[in-house]
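To keep things clear, I will list the structure first and then write my remarks on it.
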Amino acid sequence: MNLIAIQPLGRNRETHRLWIESQRLNRLGFPPGTPLEIRSQSSQLTLRPAILGENHVSSRAVPGGRRPIIDLANQSLLSGLADYSEVKIVASFERIQVSPSHRAFAIQRSRTLAPPFRVLEVFAGGGTLTAALQGDARFQVAAGVEIEPDYADEWQAQHPEATLVQADLRALHTSELPEFDVLIGGIPCTCHSNLGRAKQRLPGKPELGDTGDLFLPVVTLVSERMPAAVVFENVPPFGSSLAGEPLVSHLRRLGYHVTVEILRPNEDWGELEDRQRWLLIGTLAKPFALQIPHERCSTPASNFLDPPNPAQDRAEAERIARTIAGLRAHNARHRAAGHGFAFTEISPEACQLPVIAKSYHKINTGPFVRTPFGLRLLRQAEIERIHGHTLLNRHYSTAVQMLGQGVLTRVFRSVFRQLADHLPDGNPARLRG
């Protein structure tokens, strides 16, 4: 028979206390009245029966007999465990070992970290999220996980010194990933966005889609590796879904201080594109509070667009003219039926743009740029300026998909800077070697 227990390290009148109570102690050689030999080594205690000892197994009356209790309040013996909130107790015959639990060890480790903080990105995509870490010496991109070959190639090219794992996160064992201090990722949102649910006929059931369950391997990874901080982003509906709510709840039960915000880039962060995101930040050492600047965008769209080029503008407008005519007819039918469907056009003075979707290259939605020759698509360089990140891949449709599934890098650069300031020793002048 073995006894395995994970429990908080108790306190009694502001002093630490170890309390082990179980009928199994009888069969393990620790019946009531047994003297104890206790050895303390670093952050581990070993208890054995002894002929003589200052501490004894006590007991309490229970139906059918007495239950053994080991009650240890010697602060000298407990000093190696004093920094840990939780202990793991492993008992075999005439031997009990007490050490910090995996969770307690991770929490304590997070309090003593020194930068650079090693970052693992899951669902790495085209690297728009890790791009927000560039230029901050307090972060080191250690590894990424991405299944799509085009995206994996882009991410690896952006981070040649990091490890890229090209795989479905569901197929990976956590031991196959390198060490990391911070876990970040944009959990795929296809099944959680309003448009994605409509396309897949999943109203109210996003977890049934092909990516709706991907929060589960994320939870497993966090539970087993317990990084000092986690940063996850998604579309706003994710937060109230049957994926988002359990994710938040589980992280809190693991011991994370969880902050959840809805980022409104156009209204609060001075960004042109209104790419709203659900943001979760979990930290082990102490609670984190995001400082939102509350600055509405005042930069016109013309600042992000290429200068007028009559020849290029004419060619690009003529290329999609028939598709635009079809969209206008489609809009007219919807208006006649009382629906609100319409595509958007960019005026140079506009200080707000709707989300540029990953399917933007298919010319089935806006925003389109007005020219004297008709409407044209946004060019890759223009979308990159709007998003704040330049891709190495110059294939238009692939780049649009990467950016359309990514984040506004400037917003997340501010988020990560605040997180680095919050983490232990988050001072650029105190980098570990």
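Labeling convention for the structure tokens: chains A, B, ... as they appear, residues from 1 per chain, ligands from 1 in order of appearance.
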For this session: Per DSSP on the backbone, filter region 10-116 of chain A down to the residues in strand (DSSP E) and report them as number ranges by chain.
Result: A: 10-12, 15-21, 35-41, 44-49, 55-56, 58-62, 65-72, 86-92, 95-100
Residues from last step as file, C-alpha atoms, as an mmCIF file, in the first residue's frame:
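File written: selection_14.cif
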```
data_model
loop_
_atom_site.group_PDB
_atom_site.id
_atom_site.type_symbol
_atom_site.label_atom_id
_atom_site.label_comp_id
_atom_site.auth_asym_id
_atom_site.auth_seq_id
_atom_site.Cartn_x
_atom_site.Cartn_y
_atom_site.Cartn_z
ATOM 1 C CA GLY A 10 -0.870 24.503 6.601
ATOM 2 C CA ARG A 11 -0.530 27.491 8.863
ATOM 3 C CA ASN A 12 -1.312 27.903 12.531
ATOM 4 C CA THR A 15 3.529 29.591 11.543
ATOM 5 C CA HIS A 16 3.824 26.690 9.128
ATOM 6 C CA ARG A 17 2.273 23.340 9.924
ATOM 7 C CA LEU A 18 2.377 19.933 8.255
ATOM 8 C CA TRP A 19 -0.712 17.811 8.857
ATOM 9 C CA ILE A 20 -1.033 14.235 7.578
ATOM 10 C CA GLU A 21 -4.200 12.372 8.536
ATOM 11 C CA PRO A 35 7.919 8.038 17.690
ATOM 12 C CA LEU A 36 9.200 9.742 14.552
ATOM 13 C CA GLU A 37 12.670 10.275 13.126
ATOM 14 C CA ILE A 38 12.537 13.353 10.885
ATOM 15 C CA ARG A 39 15.309 14.367 8.518
ATOM 16 C CA SER A 40 15.277 17.652 6.653
ATOM 17 C CA GLN A 41 17.322 18.027 3.476
ATOM 18 C CA GLN A 44 12.409 17.654 1.415
ATOM 19 C CA LEU A 45 11.433 15.936 4.659
ATOM 20 C CA THR A 46 11.802 12.217 5.333
ATOM 21 C CA LEU A 47 9.845 10.660 8.200
ATOM 22 C CA ARG A 48 10.502 7.171 9.607
ATOM 23 C CA PRO A 49 9.437 5.283 12.730
ATOM 24 C CA ASN A 55 7.576 13.921 17.653
ATOM 25 C CA HIS A 56 4.950 11.197 17.800
ATOM 26 C CA SER A 58 -1.162 11.327 17.410
ATOM 27 C CA SER A 59 -4.755 10.372 16.578
ATOM 28 C CA ARG A 60 -8.397 11.303 16.737
ATOM 29 C CA ALA A 61 -11.438 9.189 17.466
ATOM 30 C CA VAL A 62 -13.470 8.123 14.463
ATOM 31 C CA GLY A 65 -11.387 3.253 16.099
ATOM 32 C CA ARG A 66 -8.785 6.013 15.915
ATOM 33 C CA ARG A 67 -7.278 7.717 12.864
ATOM 34 C CA PRO A 68 -3.499 8.420 12.930
ATOM 35 C CA ILE A 69 -2.374 12.032 12.603
ATOM 36 C CA ILE A 70 1.105 13.421 12.020
ATOM 37 C CA ASP A 71 1.096 17.040 13.155
ATOM 38 C CA LEU A 72 4.429 18.776 12.662
ATOM 39 C CA GLU A 86 1.659 23.172 -1.378
ATOM 40 C CA VAL A 87 3.352 19.835 -0.654
ATOM 41 C CA LYS A 88 3.361 16.359 -2.132
ATOM 42 C CA ILE A 89 3.313 13.477 0.354
ATOM 43 C CA VAL A 90 4.491 10.064 -0.800
ATOM 44 C CA ALA A 91 4.372 7.280 1.799
ATOM 45 C CA SER A 92 5.428 3.647 1.574
ATOM 46 C CA ARG A 95 8.851 5.890 5.031
ATOM 47 C CA ILE A 96 7.156 9.209 4.287
ATOM 48 C CA GLN A 97 8.659 11.817 1.970
ATOM 49 C CA VAL A 98 7.341 15.370 1.878
ATOM 50 C CA SER A 99 8.443 17.760 -0.892
ATOM 51 C CA PRO A 100 6.998 20.716 -2.808
#
```
Exercise. Near Met402 (chain A), counting only C-alpha atoms, which residues have an atom at most 7 Å away, once you skip same-chain residues fewer than 5 positions from it, shown as a list in words?
Worked result: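 Non-adjacent residues within range: Gly125, Gly126 and Lys358 of chain A.
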Output of the above residues as an mmCIF file, in the first residue's frame, restricted to C-alpha atoms:
```cif
data_model
loop_
_atom_site.group_PDB
_atom_site.id
_atom_site.type_symbol
_atom_site.label_atom_id
_atom_site.label_comp_id
_atom_site.auth_asym_id
_atom_site.auth_seq_id
_atom_site.Cartn_x
_atom_site.Cartn_y
_atom_site.Cartn_z
ATOM 1 C CA GLY A 125 0.958 31.155 -37.609
ATOM 2 C CA GLY A 126 2.941 33.771 -39.477
ATOM 3 C CA LYS A 358 -8.043 36.016 -43.845
#
```
For this session: Run DSSP on the backbone of this structure and report the residues of region 122-258 of chain A it assigns to alpha helix (DSSP H), as a PyMOL selection string.
Result: chain A and resi 149-158+194-200+215-225+244-254
Output C-alpha atoms for every residue in that selection, as a PDB file, in the first residue's frame.
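Final output, saved to result-v1.pdb:
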```
ATOM      1  CA  PRO A 149       3.848  24.371 -43.877  1.00  0.00           C
ATOM      2  CA  ASP A 150       3.608  27.906 -45.330  1.00  0.00           C
ATOM      3  CA  TYR A 151       3.090  29.404 -41.886  1.00  0.00           C
ATOM      4  CA  ALA A 152       5.821  27.228 -40.361  1.00  0.00           C
ATOM      5  CA  ASP A 153       8.289  28.377 -43.029  1.00  0.00           C
ATOM      6  CA  GLU A 154       7.456  32.020 -42.363  1.00  0.00           C
ATOM      7  CA  TRP A 155       7.752  31.640 -38.584  1.00  0.00           C
ATOM      8  CA  GLN A 156      11.089  29.823 -38.837  1.00  0.00           C
ATOM      9  CA  ALA A 157      12.457  32.440 -41.219  1.00  0.00           C
ATOM     10  CA  GLN A 158      11.462  35.150 -38.747  1.00  0.00           C
ATOM     11  CA  ASN A 194     -19.358  34.538 -35.926  1.00  0.00           C
ATOM     12  CA  LEU A 195     -18.327  34.135 -39.572  1.00  0.00           C
ATOM     13  CA  GLY A 196     -16.629  30.805 -38.944  1.00  0.00           C
ATOM     14  CA  ARG A 197     -19.614  29.342 -37.097  1.00  0.00           C
ATOM     15  CA  ALA A 198     -21.961  30.438 -39.879  1.00  0.00           C
ATOM     16  CA  LYS A 199     -19.791  28.819 -42.558  1.00  0.00           C
ATOM     17  CA  GLN A 200     -19.496  25.554 -40.618  1.00  0.00           C
ATOM     18  CA  PHE A 215      -8.007  24.588 -25.971  1.00  0.00           C
ATOM     19  CA  LEU A 216      -7.709  21.083 -24.459  1.00  0.00           C
ATOM     20  CA  PRO A 217      -4.038  20.419 -25.391  1.00  0.00           C
ATOM     21  CA  VAL A 218      -3.305  23.995 -24.288  1.00  0.00           C
ATOM     22  CA  VAL A 219      -4.745  23.233 -20.848  1.00  0.00           C
ATOM     23  CA  THR A 220      -2.701  20.025 -20.704  1.00  0.00           C
ATOM     24  CA  LEU A 221       0.493  21.845 -21.644  1.00  0.00           C
ATOM     25  CA  VAL A 222      -0.042  24.511 -18.989  1.00  0.00           C
ATOM     26  CA  SER A 223      -0.914  21.928 -16.314  1.00  0.00           C
ATOM     27  CA  GLU A 224       2.191  19.846 -16.939  1.00  0.00           C
ATOM     28  CA  ARG A 225       4.762  22.602 -17.523  1.00  0.00           C
ATOM     29  CA  GLY A 244     -12.982  30.008 -22.996  1.00  0.00           C
ATOM     30  CA  GLU A 245     -14.822  29.714 -19.695  1.00  0.00           C
ATOM     31  CA  PRO A 246     -13.275  26.356 -18.669  1.00  0.00           C
ATOM     32  CA  LEU A 247      -9.843  27.614 -19.749  1.00  0.00           C
ATOM     33  CA  VAL A 248     -10.103  30.600 -17.413  1.00  0.00           C
ATOM     34  CA  SER A 249     -11.536  28.516 -14.580  1.00  0.00           C
ATOM     35  CA  HIS A 250      -8.902  25.804 -14.885  1.00  0.00           C
ATOM     36  CA  LEU A 251      -6.014  28.258 -14.946  1.00  0.00           C
ATOM     37  CA  ARG A 252      -7.294  29.836 -11.745  1.00  0.00           C
ATOM     38  CA  ARG A 253      -7.565  26.436 -10.080  1.00  0.00           C
ATOM     39  CA  LEU A 254      -3.970  25.727 -11.105  1.00  0.00           C
TER      40      LEU A 254
END
```
Exercise. Skipping near chain neighbours, those fewer than 4 positions away, what residues fall within 7 Å of region 232-239 of chain A using only C-alpha atoms, listed as a list in words?
Worked result: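 That gives Ile184, Gly185, Gly186, Ile187, Cys189, His192, Ser193, Ala243, Gly244, Glu245, Ile262, Gln276, Arg277, Trp278, Leu279, Leu280 and Ile281 of chain A.
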Written file, previous selection with C-alpha atoms, as a compact mmCIF listing (two decimals), in the first residue's frame:
```
# COMPACT_ATOMS: atom_id res chain seq x y z
CA ILE A 184 1.75 32.47 -25.76
CA GLY A 185 -0.65 31.67 -28.55
CA GLY A 186 -3.65 32.62 -30.58
CA ILE A 187 -5.85 29.58 -30.14
CA CYS A 189 -10.67 30.97 -33.76
CA HIS A 192 -15.46 30.69 -32.43
CA SER A 193 -15.84 33.65 -34.78
CA ALA A 243 -13.78 26.57 -24.40
CA GLY A 244 -12.98 30.01 -23.00
CA GLU A 245 -14.82 29.71 -19.70
CA ILE A 262 -11.39 42.69 -24.61
CA GLN A 276 -11.03 43.36 -31.42
CA ARG A 277 -9.51 40.49 -29.45
CA TRP A 278 -10.21 38.54 -26.29
CA LEU A 279 -7.01 38.57 -24.23
CA LEU A 280 -6.08 36.34 -21.30
CA ILE A 281 -2.95 36.89 -19.23
```
Exercise. Any idea what's packed within 9 Å of region 291-297 of chain A, counting only C-alpha atoms, ignoring anything in its chain fewer than 2 positions away? Could you give it as a PyMOL selection string?
Worked result: chain A and resi 263+265-272+289+299-300+351-352+415+418
Keeping only N, CA and C atoms, write the selected residues as a PDB file, in the first residue's frame.
```
ATOM      1  N   LEU A 263      -9.687  43.603 -26.058  1.00  0.00           N
ATOM      2  CA  LEU A 263      -8.897  44.681 -26.648  1.00  0.00           C
ATOM      3  C   LEU A 263      -9.686  45.336 -27.770  1.00  0.00           C
ATOM      4  N   PRO A 265      -8.760  47.870 -30.380  1.00  0.00           N
ATOM      5  CA  PRO A 265      -7.611  48.617 -30.914  1.00  0.00           C
ATOM      6  C   PRO A 265      -7.956  50.007 -31.428  1.00  0.00           C
ATOM      7  N   ASN A 266      -9.084  50.143 -32.110  1.00  0.00           N
ATOM      8  CA  ASN A 266      -9.420  51.441 -32.682  1.00  0.00           C
ATOM      9  C   ASN A 266      -9.861  52.435 -31.609  1.00  0.00           C
ATOM     10  N   GLU A 267     -10.590  51.941 -30.647  1.00  0.00           N
ATOM     11  CA  GLU A 267     -11.140  52.823 -29.609  1.00  0.00           C
ATOM     12  C   GLU A 267     -10.135  53.136 -28.515  1.00  0.00           C
ATOM     13  N   ASP A 268      -9.263  52.171 -28.180  1.00  0.00           N
ATOM     14  CA  ASP A 268      -8.418  52.322 -26.991  1.00  0.00           C
ATOM     15  C   ASP A 268      -6.921  52.363 -27.256  1.00  0.00           C
ATOM     16  N   TRP A 269      -6.475  51.905 -28.435  1.00  0.00           N
ATOM     17  CA  TRP A 269      -5.043  51.761 -28.667  1.00  0.00           C
ATOM     18  C   TRP A 269      -4.557  52.556 -29.880  1.00  0.00           C
ATOM     19  N   GLY A 270      -5.399  53.410 -30.431  1.00  0.00           N
ATOM     20  CA  GLY A 270      -4.983  54.282 -31.525  1.00  0.00           C
ATOM     21  C   GLY A 270      -4.715  53.588 -32.833  1.00  0.00           C
ATOM     22  N   GLU A 271      -5.291  52.394 -33.051  1.00  0.00           N
ATOM     23  CA  GLU A 271      -5.050  51.632 -34.271  1.00  0.00           C
ATOM     24  C   GLU A 271      -6.161  51.865 -35.283  1.00  0.00           C
ATOM     25  N   LEU A 272      -5.803  51.810 -36.565  1.00  0.00           N
ATOM     26  CA  LEU A 272      -6.780  52.043 -37.624  1.00  0.00           C
ATOM     27  C   LEU A 272      -7.786  50.898 -37.725  1.00  0.00           C
ATOM     28  N   ALA A 289      -2.220  43.561 -13.986  1.00  0.00           N
ATOM     29  CA  ALA A 289      -3.294  44.442 -14.446  1.00  0.00           C
ATOM     30  C   ALA A 289      -2.823  45.182 -15.698  1.00  0.00           C
ATOM     31  N   THR A 299      -5.352  58.674 -36.710  1.00  0.00           N
ATOM     32  CA  THR A 299      -4.498  58.600 -37.896  1.00  0.00           C
ATOM     33  C   THR A 299      -5.333  58.191 -39.094  1.00  0.00           C
ATOM     34  N   PRO A 300      -5.373  58.985 -40.148  1.00  0.00           N
ATOM     35  CA  PRO A 300      -6.215  58.646 -41.307  1.00  0.00           C
ATOM     36  C   PRO A 300      -5.639  57.473 -42.090  1.00  0.00           C
ATOM     37  N   CYS A 351     -10.664  57.074 -40.152  1.00  0.00           N
ATOM     38  CA  CYS A 351      -9.799  56.708 -39.025  1.00  0.00           C
ATOM     39  C   CYS A 351     -10.231  55.380 -38.399  1.00  0.00           C
ATOM     40  N   GLN A 352     -11.005  54.624 -39.139  1.00  0.00           N
ATOM     41  CA  GLN A 352     -11.409  53.302 -38.649  1.00  0.00           C
ATOM     42  C   GLN A 352     -11.646  52.381 -39.833  1.00  0.00           C
ATOM     43  N   VAL A 415       1.412  45.254 -24.763  1.00  0.00           N
ATOM     44  CA  VAL A 415       0.999  44.253 -23.777  1.00  0.00           C
ATOM     45  C   VAL A 415       2.211  43.512 -23.224  1.00  0.00           C
ATOM     46  N   GLN A 418       4.428  45.570 -20.882  1.00  0.00           N
ATOM     47  CA  GLN A 418       3.850  45.648 -19.541  1.00  0.00           C
ATOM     48  C   GLN A 418       4.055  44.343 -18.778  1.00  0.00           C
TER      49      GLN A 418
END
```
Exercise. Within 9 Å of Leu423 (chain A), counting only C-alpha atoms, which residues qualify if same-chain residues fewer than 2 places away don't, as a list of chain:residue names?
Worked result: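 Contacts, in chain order: A:Ser110, A:Arg111, A:Leu113, A:Ala114, A:Pro115, A:Ala228, A:Ala229, A:Thr283, A:Ala285, A:Lys286, A:Phe288, A:Gln418, A:Leu419, A:Ala420, A:Asp421, A:Asp425, A:Gly426, A:Asn427.
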Exercise. Can you list, as a list in words, every protein, DNA or RNA residue that comes within 10 Å of region 314-322 of chain A when you count only C-alpha atoms, leaving out same-chain residues fewer than 4 positions away?
Worked result: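 The contact residues come out as Asn309, Pro310, Gly326, Leu327, Arg328, Ile363, Phe368, Val369, Arg370, Thr371, Pro372, Phe373, Gly374, Leu375, Arg376, Leu377, Leu378 and Arg379 of chain A.
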